[in-house]
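A.B. asks: Compact mmCIF, C-alpha atoms and all ligand atoms, saved as upload.txt, coming up:
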# COMPACT_ATOMS: atom_id res chain seq x y z
CA MET Y 678 0.00 0.00 0.00
CA GLN Y 679 1.13 3.51 -0.81
CA LYS Y 680 2.32 5.69 2.05
CA MET Y 681 0.52 8.75 3.31
CA PRO Y 682 1.66 11.93 1.58
CA SER Y 683 4.30 13.54 3.74
CA ASP Y 684 2.43 16.81 4.05
CA ILE Y 685 -0.42 15.28 5.99
CA GLN Y 686 1.41 15.52 9.31
CA GLU Y 687 2.13 19.18 8.69
CA LYS Y 688 -1.50 19.86 7.78
CA SER Y 689 -2.80 18.05 10.81
CA GLN Y 690 -0.48 20.03 13.05
CA ASN Y 691 -1.80 23.17 11.43
CA HIS Y 692 -5.35 22.29 12.20
CA SER Y 693 -4.47 21.65 15.81
CA LYS Y 694 -2.34 24.78 16.17
CA ASN Y 695 -5.25 26.91 14.97
CA ASN Y 696 -7.59 25.49 17.52
CA VAL Y 697 -6.09 23.37 20.27
CA SER Y 698 -8.99 23.74 22.66
CA LYS Y 699 -11.65 22.50 20.24
CA VAL Y 700 -11.64 18.96 18.88
CA PRO Y 701 -14.23 18.03 16.25
CA PHE Y 702 -15.98 14.67 16.41
CA ILE Y 703 -14.94 14.10 12.82
CA ASP Y 704 -13.02 16.26 10.38
CA PHE Y 705 -13.11 15.67 6.63
CA SER Y 706 -11.25 18.69 5.34
CA THR Y 707 -7.77 17.76 6.58
CA GLN Y 708 -7.99 14.43 4.79
CA TYR Y 709 -9.34 16.06 1.66
CA GLN Y 710 -6.52 18.62 1.62
CA SER Y 711 -3.99 15.79 1.83
CA ILE Y 712 -5.28 14.08 -1.35
CA ARG Y 713 -6.88 17.06 -3.07
CA ALA Y 714 -4.83 16.91 -6.28
CA GLU Y 715 -5.48 13.20 -6.75
CA ILE Y 716 -9.21 13.49 -6.09
CA GLN Y 717 -9.56 16.40 -8.46
CA SER Y 718 -7.70 14.62 -11.22
CA ALA Y 719 -9.84 11.50 -10.72
CA VAL Y 720 -13.03 13.55 -10.87
CA ASN Y 721 -11.74 15.44 -13.91
CA SER Y 722 -11.00 12.22 -15.74
CA VAL Y 723 -14.65 11.17 -15.35
CA PHE Y 724 -15.86 14.51 -16.68
CA GLU Y 725 -13.41 14.41 -19.58
CA SER Y 726 -14.66 10.95 -20.54
CA GLN Y 727 -18.33 11.99 -20.14
CA GLN Y 728 -19.03 8.39 -19.09
CA PHE Y 729 -20.92 8.46 -15.80
CA VAL Y 730 -22.56 5.06 -15.39
CA LEU Y 731 -20.85 1.65 -15.22
CA LYS Y 732 -17.84 2.34 -17.41
CA GLU Y 733 -14.19 1.90 -16.40
CA HIS Y 734 -13.95 3.19 -12.81
CA VAL Y 735 -16.61 0.94 -11.29
CA PRO Y 736 -15.22 -2.40 -12.59
CA ARG Y 737 -11.70 -1.28 -11.65
CA LEU Y 738 -12.77 -0.49 -8.08
CA GLU Y 739 -14.74 -3.74 -7.88
CA LYS Y 740 -11.60 -5.70 -8.80
CA ALA Y 741 -9.42 -3.79 -6.36
CA ILE Y 742 -11.81 -4.26 -3.44
CA ALA Y 743 -12.47 -7.93 -4.17
CA SER Y 744 -8.73 -8.47 -4.24
CA GLN Y 745 -8.12 -6.54 -1.01
CA LEU Y 746 -10.92 -8.28 0.88
CA GLY Y 747 -10.16 -11.71 -0.59
CA THR Y 748 -13.46 -12.42 -2.38
CA LYS Y 749 -14.00 -13.58 -5.96
CA HIS Y 750 -16.43 -10.79 -6.84
CA ALA Y 751 -17.51 -7.30 -5.87
CA VAL Y 752 -20.57 -5.52 -7.22
CA GLY Y 753 -20.91 -1.73 -6.94
CA VAL Y 754 -24.35 -0.44 -5.99
CA ALA Y 755 -25.99 2.87 -5.06
CA SER Y 756 -25.57 2.63 -1.26
CA GLY Y 757 -24.72 0.37 1.64
CA SER Y 758 -28.44 0.02 2.31
CA ASP Y 759 -28.99 -1.25 -1.23
CA ALA Y 760 -26.01 -3.59 -0.84
CA LEU Y 761 -27.88 -5.33 1.99
CA TYR Y 762 -31.29 -5.16 0.32
CA LEU Y 763 -30.07 -6.51 -3.02
CA SER Y 764 -28.07 -9.27 -1.32
CA LEU Y 765 -31.14 -10.50 0.57
CA TRP Y 766 -33.18 -10.29 -2.62
CA ALA Y 767 -30.56 -12.21 -4.63
CA LEU Y 768 -30.50 -14.83 -1.87
CA GLY Y 769 -34.21 -15.34 -2.56
CA ILE Y 770 -35.43 -13.85 0.72
CA GLY Y 771 -38.87 -12.24 0.80
CA GLU Y 772 -42.36 -12.39 2.24
CA GLY Y 773 -42.90 -15.09 4.86
CA ASP Y 774 -39.19 -15.31 5.67
CA GLU Y 775 -37.40 -14.23 8.82
CA VAL Y 776 -33.95 -12.69 9.05
CA ILE Y 777 -32.22 -12.41 12.43
CA THR Y 778 -30.18 -9.34 13.25
CA THR Y 779 -29.24 -6.93 16.03
CA PRO Y 780 -31.46 -4.14 17.38
CA PHE Y 781 -28.29 -2.15 18.13
CA THR Y 782 -27.28 -0.95 14.67
CA PHE Y 783 -27.98 1.75 12.12
CA PHE Y 784 -31.55 1.53 10.85
CA ALA Y 785 -30.58 0.36 7.34
CA THR Y 786 -29.74 -3.14 8.56
CA ALA Y 787 -33.33 -3.86 9.57
CA GLY Y 788 -34.79 -1.58 6.91
CA SER Y 789 -33.20 -3.68 4.17
CA ILE Y 790 -34.86 -6.81 5.60
CA SER Y 791 -38.26 -5.11 5.65
CA ARG Y 792 -37.87 -3.87 2.09
CA THR Y 793 -37.72 -7.47 0.85
CA GLY Y 794 -41.01 -8.23 2.61
CA ALA Y 795 -39.27 -10.45 5.16
CA LYS Y 796 -39.55 -9.95 8.92
CA PRO Y 797 -36.62 -8.63 10.94
CA VAL Y 798 -36.19 -10.77 14.06
CA PHE Y 799 -33.99 -9.20 16.71
CA ALA Y 800 -31.60 -10.90 19.11
CA ASP Y 801 -29.70 -9.17 21.92
CA ILE Y 802 -26.06 -8.12 21.84
CA ASP Y 803 -22.97 -9.01 23.82
CA PRO Y 804 -22.43 -6.30 26.49
CA LYS Y 805 -18.69 -6.04 25.84
CA THR Y 806 -18.38 -6.12 22.05
CA PHE Y 807 -21.78 -4.47 21.26
CA ASN Y 808 -22.16 -7.13 18.54
CA LEU Y 809 -24.93 -9.69 18.04
CA ASP Y 810 -24.63 -12.49 20.62
CA PRO Y 811 -24.47 -15.86 18.79
CA ALA Y 812 -26.13 -17.69 21.71
CA LYS Y 813 -29.09 -15.27 21.62
CA VAL Y 814 -29.33 -15.74 17.85
CA ARG Y 815 -29.67 -19.51 18.26
CA GLU Y 816 -32.73 -18.97 20.46
CA LYS Y 817 -34.47 -17.03 17.68
CA ILE Y 818 -34.12 -19.57 14.87
CA THR Y 819 -37.47 -20.90 13.56
CA LYS Y 820 -38.63 -22.81 10.48
CA ARG Y 821 -39.03 -19.47 8.73
CA THR Y 822 -35.49 -18.22 9.41
CA LYS Y 823 -33.56 -17.83 6.15
CA ALA Y 824 -30.59 -15.66 7.05
CA ILE Y 825 -28.62 -13.89 9.76
CA ILE Y 826 -27.12 -10.44 9.40
CA PRO Y 827 -24.21 -10.00 11.82
CA VAL Y 828 -23.25 -6.31 11.92
CA HIS Y 829 -19.58 -5.55 12.55
CA LEU Y 830 -20.48 -2.54 14.66
CA PHE Y 831 -18.13 0.43 15.19
CA GLY Y 832 -15.52 -1.35 13.03
CA GLN Y 833 -15.18 -4.52 15.06
CA SER Y 834 -15.79 -7.99 13.68
CA CYS Y 835 -18.50 -10.23 15.09
CA ASP Y 836 -17.48 -13.72 16.22
CA MET Y 837 -17.40 -15.15 12.70
CA ASP Y 838 -16.39 -18.65 13.87
CA GLU Y 839 -19.72 -18.89 15.68
CA PHE Y 840 -21.87 -17.28 12.99
CA MET Y 841 -20.45 -19.47 10.22
CA LYS Y 842 -21.05 -22.49 12.44
CA ILE Y 843 -24.69 -21.52 13.07
CA GLY Y 844 -25.13 -20.92 9.33
CA ARG Y 845 -23.81 -24.40 8.49
CA GLU Y 846 -25.80 -26.15 11.22
CA HIS Y 847 -29.12 -24.57 10.23
CA SER Y 848 -28.49 -24.01 6.48
CA LEU Y 849 -28.87 -20.25 6.86
CA ALA Y 850 -27.30 -17.58 4.69
CA ILE Y 851 -24.91 -15.29 6.54
CA LEU Y 852 -24.99 -11.74 5.19
CA GLU Y 853 -22.37 -9.54 6.82
CA ASP Y 854 -23.14 -5.88 7.36
CA ALA Y 855 -19.61 -4.55 6.93
CA ALA Y 856 -20.68 -0.92 6.37
CA GLN Y 857 -18.65 0.21 9.41
CA SER Y 858 -15.82 -2.30 9.28
CA TYR Y 859 -13.75 -1.80 6.14
CA GLY Y 860 -10.35 -3.40 6.80
CA ALA Y 861 -11.34 -5.01 10.11
CA THR Y 862 -10.48 -8.69 10.41
CA TRP Y 863 -11.38 -11.82 12.39
CA SER Y 864 -8.55 -14.35 12.66
CA GLY Y 865 -6.76 -12.34 9.98
CA LYS Y 866 -9.60 -12.70 7.46
CA GLN Y 867 -11.42 -9.59 6.22
CA THR Y 868 -14.92 -8.78 7.46
CA GLY Y 869 -17.37 -9.10 4.59
CA SER Y 870 -15.54 -12.10 3.14
CA PHE Y 871 -16.88 -14.82 5.47
CA GLY Y 872 -20.55 -15.15 4.62
CA SER Y 873 -22.58 -15.65 1.45
CA ALA Y 874 -22.11 -11.92 0.90
CA GLY Y 875 -20.93 -8.77 2.65
CA GLY Y 876 -22.36 -5.25 2.30
CA LEU Y 877 -20.03 -2.23 2.23
CA SER Y 878 -20.95 1.45 2.41
CA PHE Y 879 -19.09 4.44 0.95
CA PHE Y 880 -21.22 6.98 2.81
CA PRO Y 881 -18.86 9.92 3.49
CA THR Y 882 -18.52 9.25 7.24
CA LYS Y 883 -17.46 5.61 6.81
CA ASN Y 884 -13.77 4.63 7.04
CA LEU Y 885 -13.69 4.33 3.24
CA GLY Y 886 -16.07 7.14 2.36
CA GLY Y 887 -16.90 8.59 -1.04
CA ALA Y 888 -18.28 11.99 -2.03
CA GLY Y 889 -21.92 11.02 -1.60
CA ASP Y 890 -23.81 7.76 -1.51
CA GLY Y 891 -22.32 4.50 -2.70
CA GLY Y 892 -21.97 0.88 -1.70
CA MET Y 893 -20.66 -2.51 -2.75
CA ILE Y 894 -21.39 -6.17 -2.23
CA VAL Y 895 -18.51 -8.61 -1.90
CA THR Y 896 -19.11 -12.32 -2.50
CA SER Y 897 -17.30 -15.40 -3.68
CA SER Y 898 -20.42 -16.94 -5.20
CA ASP Y 899 -20.52 -16.75 -9.03
CA GLU Y 900 -24.26 -17.24 -8.99
CA LEU Y 901 -24.95 -14.48 -6.46
CA ALA Y 902 -22.62 -12.01 -8.21
CA GLU Y 903 -24.30 -12.64 -11.56
CA LYS Y 904 -27.75 -12.17 -10.05
CA LEU Y 905 -26.68 -8.94 -8.33
CA ARG Y 906 -25.23 -7.51 -11.54
CA ILE Y 907 -28.58 -8.16 -13.21
CA LEU Y 908 -30.76 -6.85 -10.36
CA ARG Y 909 -28.90 -3.52 -10.19
CA VAL Y 910 -29.80 -2.77 -13.84
CA HIS Y 911 -33.54 -3.41 -13.74
CA GLY Y 912 -33.16 -7.17 -13.98
CA SER Y 913 -31.72 -7.15 -17.47
CA LYS Y 914 -28.71 -9.08 -18.65
CA LYS Y 915 -29.11 -8.08 -22.28
CA LYS Y 916 -30.11 -4.43 -22.55
CA TYR Y 917 -33.89 -3.93 -22.89
CA TYR Y 918 -34.62 -7.62 -22.21
CA HIS Y 919 -35.73 -8.28 -18.64
CA ASP Y 920 -35.53 -11.67 -16.96
CA PHE Y 921 -36.35 -10.22 -13.54
CA ILE Y 922 -38.00 -7.07 -12.22
CA GLY Y 923 -34.92 -5.40 -10.80
CA ILE Y 924 -34.19 -1.85 -9.71
CA ASN Y 925 -31.80 0.94 -10.61
CA SER Y 926 -29.01 0.72 -8.05
CA ARG Y 927 -25.57 1.40 -9.43
CA LEU Y 928 -22.41 2.86 -8.01
CA ASP Y 929 -21.64 5.79 -10.29
CA GLU Y 930 -18.34 6.49 -12.00
CA LEU Y 931 -17.65 9.67 -10.00
CA GLN Y 932 -18.01 7.86 -6.68
CA ALA Y 933 -15.91 4.94 -7.91
CA ALA Y 934 -13.17 7.32 -9.04
CA VAL Y 935 -13.11 9.06 -5.64
CA VAL Y 936 -13.20 5.83 -3.63
CA SER Y 937 -10.39 4.39 -5.80
CA VAL Y 938 -8.11 7.24 -4.74
CA LYS Y 939 -8.96 6.74 -1.06
CA LEU Y 940 -8.45 2.98 -1.31
CA LYS Y 941 -4.71 3.58 -1.65
CA TYR Y 942 -4.64 5.16 1.81
CA ILE Y 943 -7.21 3.12 3.71
CA ASP Y 944 -4.68 0.81 5.37
CA ASP Y 945 -2.68 3.76 6.71
CA TRP Y 946 -5.81 5.54 7.84
CA ASN Y 947 -7.10 2.47 9.63
CA LYS Y 948 -3.71 2.02 11.29
CA LYS Y 949 -3.89 5.60 12.59
CA ARG Y 950 -7.35 4.94 14.02
CA GLN Y 951 -5.94 1.91 15.83
CA GLU Y 952 -3.09 3.97 17.26
CA HIS Y 953 -5.51 6.64 18.47
CA ALA Y 954 -7.70 3.95 20.07
CA LYS Y 955 -4.68 2.49 21.85
CA PHE Y 956 -3.83 5.94 23.21
CA TYR Y 957 -7.38 6.48 24.47
CA ASP Y 958 -7.46 2.97 26.02
CA LYS Y 959 -4.25 3.60 27.92
CA SER Y 960 -5.19 7.11 29.00
CA PHE Y 961 -8.62 6.15 30.34
CA ALA Y 962 -7.34 3.26 32.46
CA GLY Y 963 -8.57 3.55 36.03
CA LEU Y 964 -11.56 5.76 35.22
CA PRO Y 965 -15.10 4.51 35.97
CA LEU Y 966 -15.89 3.90 32.30
CA ALA Y 967 -15.56 0.92 29.95
CA THR Y 968 -13.23 1.32 26.98
CA PRO Y 969 -13.91 -0.77 23.85
CA TYR Y 970 -13.29 -4.46 24.37
CA SER Y 971 -11.75 -6.57 21.58
CA PRO Y 972 -11.72 -10.36 21.50
CA ALA Y 973 -8.24 -11.74 20.72
CA LYS Y 974 -9.23 -12.78 17.17
CA ALA Y 975 -10.64 -9.37 16.26
CA SER Y 976 -8.64 -6.53 14.76
CA PRO Y 977 -11.00 -3.53 14.84
CA THR Y 978 -10.66 -0.47 12.62
CA TYR Y 979 -12.53 1.86 15.01
CA HIS Y 980 -15.13 3.42 12.76
CA LEU Y 981 -16.20 4.82 16.12
CA TYR Y 982 -14.48 4.82 19.49
CA SER Y 983 -17.33 4.14 21.89
CA ILE Y 984 -17.14 3.97 25.67
CA LEU Y 985 -19.74 3.09 28.30
CA THR Y 986 -20.48 5.27 31.31
CA ASP Y 987 -23.38 5.46 33.75
CA ARG Y 988 -23.15 9.26 33.59
CA ARG Y 989 -23.44 9.43 29.80
CA ASP Y 990 -25.62 12.52 29.42
CA GLU Y 991 -23.57 14.49 31.96
CA LEU Y 992 -20.35 13.51 30.21
CA ALA Y 993 -21.81 14.54 26.84
CA ALA Y 994 -22.74 17.95 28.25
CA HIS Y 995 -19.27 18.36 29.80
CA LEU Y 996 -17.56 17.48 26.49
CA GLU Y 997 -19.75 19.86 24.52
CA LYS Y 998 -19.18 22.67 27.00
CA ASN Y 999 -15.45 22.17 26.53
CA GLY Y 1000 -15.51 22.10 22.73
CA ILE Y 1001 -15.06 18.34 22.31
CA GLY Y 1002 -17.28 16.69 19.73
CA CYS Y 1003 -19.10 13.53 20.72
CA GLY Y 1004 -22.02 11.45 19.54
CA VAL Y 1005 -24.49 8.80 20.70
CA TYR Y 1006 -24.72 5.76 18.45
CA TYR Y 1007 -27.51 4.78 18.87
CA PRO Y 1008 -30.00 6.46 21.22
CA LEU Y 1009 -33.09 4.34 20.40
CA PRO Y 1010 -32.82 0.60 19.66
CA LEU Y 1011 -34.53 -0.66 16.52
CA HIS Y 1012 -37.10 -2.82 18.33
CA LEU Y 1013 -38.48 0.32 20.01
CA GLN Y 1014 -38.61 2.48 16.86
CA PRO Y 1015 -42.09 3.82 16.02
CA CYS Y 1016 -42.00 2.17 12.57
CA TYR Y 1017 -41.42 -1.26 14.14
CA GLN Y 1018 -44.27 -1.05 16.65
CA PHE Y 1019 -46.10 -3.65 14.56
CA LEU Y 1020 -43.49 -6.22 15.61
CA GLY Y 1021 -44.98 -5.98 19.09
CA HIS Y 1022 -41.82 -5.42 21.11
CA LYS Y 1023 -41.71 -3.66 24.45
CA GLN Y 1024 -39.15 -2.13 26.78
CA GLY Y 1025 -37.19 -4.93 28.43
CA ASP Y 1026 -37.18 -7.32 25.44
CA PHE Y 1027 -33.46 -6.77 24.80
CA PRO Y 1028 -32.01 -5.55 28.11
CA VAL Y 1029 -28.34 -5.47 27.06
CA THR Y 1030 -29.13 -3.37 23.99
CA GLU Y 1031 -31.41 -1.07 25.98
CA LYS Y 1032 -28.81 -0.49 28.69
CA THR Y 1033 -26.13 0.15 26.05
CA THR Y 1034 -28.24 2.82 24.31
CA LYS Y 1035 -28.35 4.66 27.67
CA THR Y 1036 -24.66 4.39 28.54
CA VAL Y 1037 -22.78 4.53 25.22
CA ILE Y 1038 -20.97 7.61 23.95
CA SER Y 1039 -18.49 7.98 21.08
CA LEU Y 1040 -15.44 10.24 21.24
CA PRO Y 1041 -13.60 12.03 18.41
CA MET Y 1042 -12.10 9.45 16.02
CA PHE Y 1043 -10.60 10.05 12.61
CA PRO Y 1044 -7.15 9.30 11.20
CA GLU Y 1045 -5.94 12.90 11.17
CA LEU Y 1046 -6.42 13.51 14.94
CA THR Y 1047 -3.20 14.99 16.27
CA ALA Y 1048 -1.39 14.09 19.49
CA LYS Y 1049 -2.41 17.43 20.97
CA GLU Y 1050 -6.05 16.85 20.14
CA LEU Y 1051 -6.00 13.37 21.62
CA GLU Y 1052 -4.43 14.74 24.79
CA ARG Y 1053 -7.04 17.47 24.95
CA VAL Y 1054 -9.89 14.91 24.71
CA VAL Y 1055 -8.29 12.81 27.43
CA SER Y 1056 -7.76 15.75 29.76
CA VAL Y 1057 -11.38 16.92 29.38
CA VAL Y 1058 -12.65 13.40 30.09
CA ARG Y 1059 -10.35 13.00 33.10
CA GLU Y 1060 -11.41 16.39 34.44
CA PHE Y 1061 -15.04 15.18 34.37
CA TYR Y 1062 -14.23 12.32 36.73
CA ARG Y 1063 -12.13 14.38 39.17
C1 LIG Y 1101 -24.02 3.22 7.09
C2 LIG Y 1101 -24.60 1.93 7.40
C3 LIG Y 1101 -25.44 1.23 6.52
C4 LIG Y 1101 -26.02 1.85 5.28
O1 LIG Y 1101 -25.14 2.41 4.41
P1 LIG Y 1101 -25.59 3.61 3.46
O2 LIG Y 1101 -24.47 3.64 2.46
O3 LIG Y 1101 -25.67 4.83 4.30
O4 LIG Y 1101 -26.88 3.25 2.83
C5 LIG Y 1101 -25.85 -0.04 6.87
N1 LIG Y 1101 -25.50 -0.60 8.03
C6 LIG Y 1101 -24.71 0.03 8.91
C7 LIG Y 1101 -24.33 -0.67 10.17
C8 LIG Y 1101 -24.24 1.31 8.64
O5 LIG Y 1101 -23.48 1.95 9.54
If you took the structure in this file and wrote it as structure tokens, what would it be?
C.D. replies:
Amino acid sequence: MQKMPSDIQEKSQNHSKNNVSKVPFIDFSTQYQSIRAEIQSAVNSVFESQQFVLKEHVPRLEKAIASQLGTKHAVGVASGSDALYLSLWALGIGEGDEVITTPFTFFATAGSISRTGAKPVFADIDPKTFNLDPAKVREKITKRTKAIIPVHLFGQSCDMDEFMKIGREHSLAILEDAAQSYGATWSGKQTGSFGSAGGLSFFPTKNLGGAGDGGMIVTSSDELAEKLRILRVHGSKKKYYHDFIGINSRLDELQAAVVSVKLKYIDDWNKKRQEHAKFYDKSFAGLPLATPYSPAKASPTYHLYSILTDRRDELAAHLEKNGIGCGVYYPLPLHLQPCYQFLGHKQGDFPVTEKTTKTVISLPMFPELTAKELERVVSVVREFYR
């Protein structure tokens, strides 16, 4: 992988020198400045070609990502949400089927299940990893269960040994939601590459973010890849002849060109996130809060750095007052969302998830955070507990 441009350190120091007391939750402009020339030339090349839909950049990015994640195929689509939706559809999941997933995730995970006509069935999470608990998933399997969607939340892999085992034992498809976990591994193998398929997102805030919406499905199944390529262009293999009723869901050339540039740096950026996380972990030792826990086989890429504290709302107010960005992912679990009332859940159905939504808070995390900024975050957090 190519190294970071040498000016990035300088730029990052500049952004901290200007404003040491304030630390944003996420900052895009420093990263953009560091690769500005490359991004602009990539975007220009698309405009010069005047080819905007499924030409050279998309297949090139598909090949590069399949090769990096170790899958046979990758299929570019319009968003991470569509990546999940189309994968379920291509797996033949629809009305009358059940798909098990976590209530502690971004809405799109469950939304994609509902869009196929299938029913999202929730199972509780592990209190330490925030990820779907395989034992709780087993309890939810019925005759109607067709698939499981483990979500690699905050950039940390689920226990893929267990999920692949459950899939084999019950003949269930495993669809990985890897929207937050680009580059994260389990036993050295890339998230997204274990199951029947994996969904990636290039939403700008994700570790590998584009300049708008975009997504990709990775899979090693020839059959699934072929079906997905057809579904994303209205179900037609030969133009204007339709074997299926598909939809329009394509990654566009501009997004593919931008993501291709960023792909060269993603390993370095993820490494920086890991270094920042290590610094936070060490600096928060001894405080009455829980830092992110990682099982030995997981190598997280810290899409978010999320801690648990009983005084969450007070800490959030203290951080904000002191100019430190923070966020709550996620404040309301999916089983208690108004739109899922028809599933008939109530408070107390998933106690670990519910407790986590009340105690979780995410601190500033992006590759370009400087040492000074990290120290500032730590000192404001430590001050809160004094
Ligand atoms: C972002 C995200 C998605 C959806 O991706 P989009 O590209 O925004 O549609 C799905 N699942 C999870 C866990 C996400 O964080």
A.B. asks: Please find the residues contacting ligand LIG 1101 (chain Y) at a distance of at most 10 Å between atoms, with only C-alpha atoms and all ligand atoms counted, and report them as a ChimeraX atom specification.
C.D. replies: /Y:754-762,779,781-789,827-832,853-858,876-883,886-887,889-893,980,1006
A.B. asks: Here is a test: counting all atoms listed in the file, which residue of Y:Met837, Y:Ala751, Y:Leu908, Y:Ala934 is nearest to Ala888 of chain Y?
C.D. replies: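 The answer is Y:Ala934, which sits nearest to Ala888 of chain Y.
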A.B. asks: Leaving out Thr1036 of chain Y and any residue of its chain fewer than 3 positions from it, which residues lie within 7 Å of it when counting all atoms listed in the file, given as a PyMOL selection string?
C.D. replies: chain Y and resi 985-987+989+1032-1033
A.B. asks: Only C-alpha atoms, please: the residues just picked out, written as a CSV table (one decimal), keeping the file's coordinate frame.
C.D. replies:
chain,number,residue,atom,x,y,z
Y,985,LEU,CA,-19.7,3.1,28.3
Y,986,THR,CA,-20.5,5.3,31.3
Y,987,ASP,CA,-23.4,5.5,33.8
Y,989,ARG,CA,-23.4,9.4,29.8
Y,1032,LYS,CA,-28.8,-0.5,28.7
Y,1033,THR,CA,-26.1,0.2,26.0
A.B. asks: Could you give me, as a PyMOL selection string, the residues that have an atom at most 12 Å away from the point (-33.8, -0.7, 24.9) in the coordinates of the file, using only C-alpha atoms?
C.D. replies: chain Y and resi 779-781+799-802+1007-1014+1022-1036
A.B. asks: Save out the residues we just selected, C-alpha atoms, as a PDB file, keeping the file's coordinate frame.
C.D. replies:
ATOM      1  CA  THR Y 779     -29.240  -6.930  16.030  1.00  0.00           C
ATOM      2  CA  PRO Y 780     -31.460  -4.140  17.380  1.00  0.00           C
ATOM      3  CA  PHE Y 781     -28.290  -2.150  18.130  1.00  0.00           C
ATOM      4  CA  PHE Y 799     -33.990  -9.200  16.710  1.00  0.00           C
ATOM      5  CA  ALA Y 800     -31.600 -10.900  19.110  1.00  0.00           C
ATOM      6  CA  ASP Y 801     -29.700  -9.170  21.920  1.00  0.00           C
ATOM      7  CA  ILE Y 802     -26.060  -8.120  21.840  1.00  0.00           C
ATOM      8  CA  TYR Y1007     -27.510   4.780  18.870  1.00  0.00           C
ATOM      9  CA  PRO Y1008     -30.000   6.460  21.220  1.00  0.00           C
ATOM     10  CA  LEU Y1009     -33.090   4.340  20.400  1.00  0.00           C
ATOM     11  CA  PRO Y1010     -32.820   0.600  19.660  1.00  0.00           C
ATOM     12  CA  LEU Y1011     -34.530  -0.660  16.520  1.00  0.00           C
ATOM     13  CA  HIS Y1012     -37.100  -2.820  18.330  1.00  0.00           C
ATOM     14  CA  LEU Y1013     -38.480   0.320  20.010  1.00  0.00           C
ATOM     15  CA  GLN Y1014     -38.610   2.480  16.860  1.00  0.00           C
ATOM     16  CA  HIS Y1022     -41.820  -5.420  21.110  1.00  0.00           C
ATOM     17  CA  LYS Y1023     -41.710  -3.660  24.450  1.00  0.00           C
ATOM     18  CA  GLN Y1024     -39.150  -2.130  26.780  1.00  0.00           C
ATOM     19  CA  GLY Y1025     -37.190  -4.930  28.430  1.00  0.00           C
ATOM     20  CA  ASP Y1026     -37.180  -7.320  25.440  1.00  0.00           C
ATOM     21  CA  PHE Y1027     -33.460  -6.770  24.800  1.00  0.00           C
ATOM     22  CA  PRO Y1028     -32.010  -5.550  28.110  1.00  0.00           C
ATOM     23  CA  VAL Y1029     -28.340  -5.470  27.060  1.00  0.00           C
ATOM     24  CA  THR Y1030     -29.130  -3.370  23.990  1.00  0.00           C
ATOM     25  CA  GLU Y1031     -31.410  -1.070  25.980  1.00  0.00           C
ATOM     26  CA  LYS Y1032     -28.810  -0.490  28.690  1.00  0.00           C
ATOM     27  CA  THR Y1033     -26.130   0.150  26.050  1.00  0.00           C
ATOM     28  CA  THR Y1034     -28.240   2.820  24.310  1.00  0.00           C
ATOM     29  CA  LYS Y1035     -28.350   4.660  27.670  1.00  0.00           C
ATOM     30  CA  THR Y1036     -24.660   4.390  28.540  1.00  0.00           C
TER      31      THR Y1036
END
A.B. asks: Which residue gives the smallest distance to Leu940 of chain Y among Y:Ala975, Y:Leu885, Y:Ile924, Y:Val735, with only C-alpha atoms counted?
C.D. replies: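 Under the stated criterion, the closest residue is Y:Leu885.
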A.B. asks: For atom CA of Tyr918 of chain Y and atom CA of Lys904 of chain Y, quote the distance in Å rounded to one decimal.
C.D. replies: 14.7 Å
A.B. asks: Of the residues Y:Gln708, Y:Ser726, Y:Thr748, Y:Gln932, which is the one nearest to Val895 of chain Y, using all atoms listed in the file?
C.D. replies: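 So, comparing all the options, the nearest one is Y:Thr748.
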A.B. asks: From the options Y:Leu964, Y:Ala954, Y:Leu901, Y:Val720, which residue's atoms come nearest to Glu1060 of chain Y, counting only C-alpha atoms?
C.D. replies: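 Selected residue with least distance to Glu1060 of chain Y: Y:Leu964.
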A.B. asks: Nearest to Leu768 of chain Y: which of Y:Leu738, Y:Ala714, Y:Leu852, Y:Val1057 is it, counting all atoms listed in the file?
C.D. replies: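 Between Y:Leu738, Y:Ala714, Y:Leu852, Y:Val1057, the residue approaching Leu768 of chain Y most closely is Y:Leu852.
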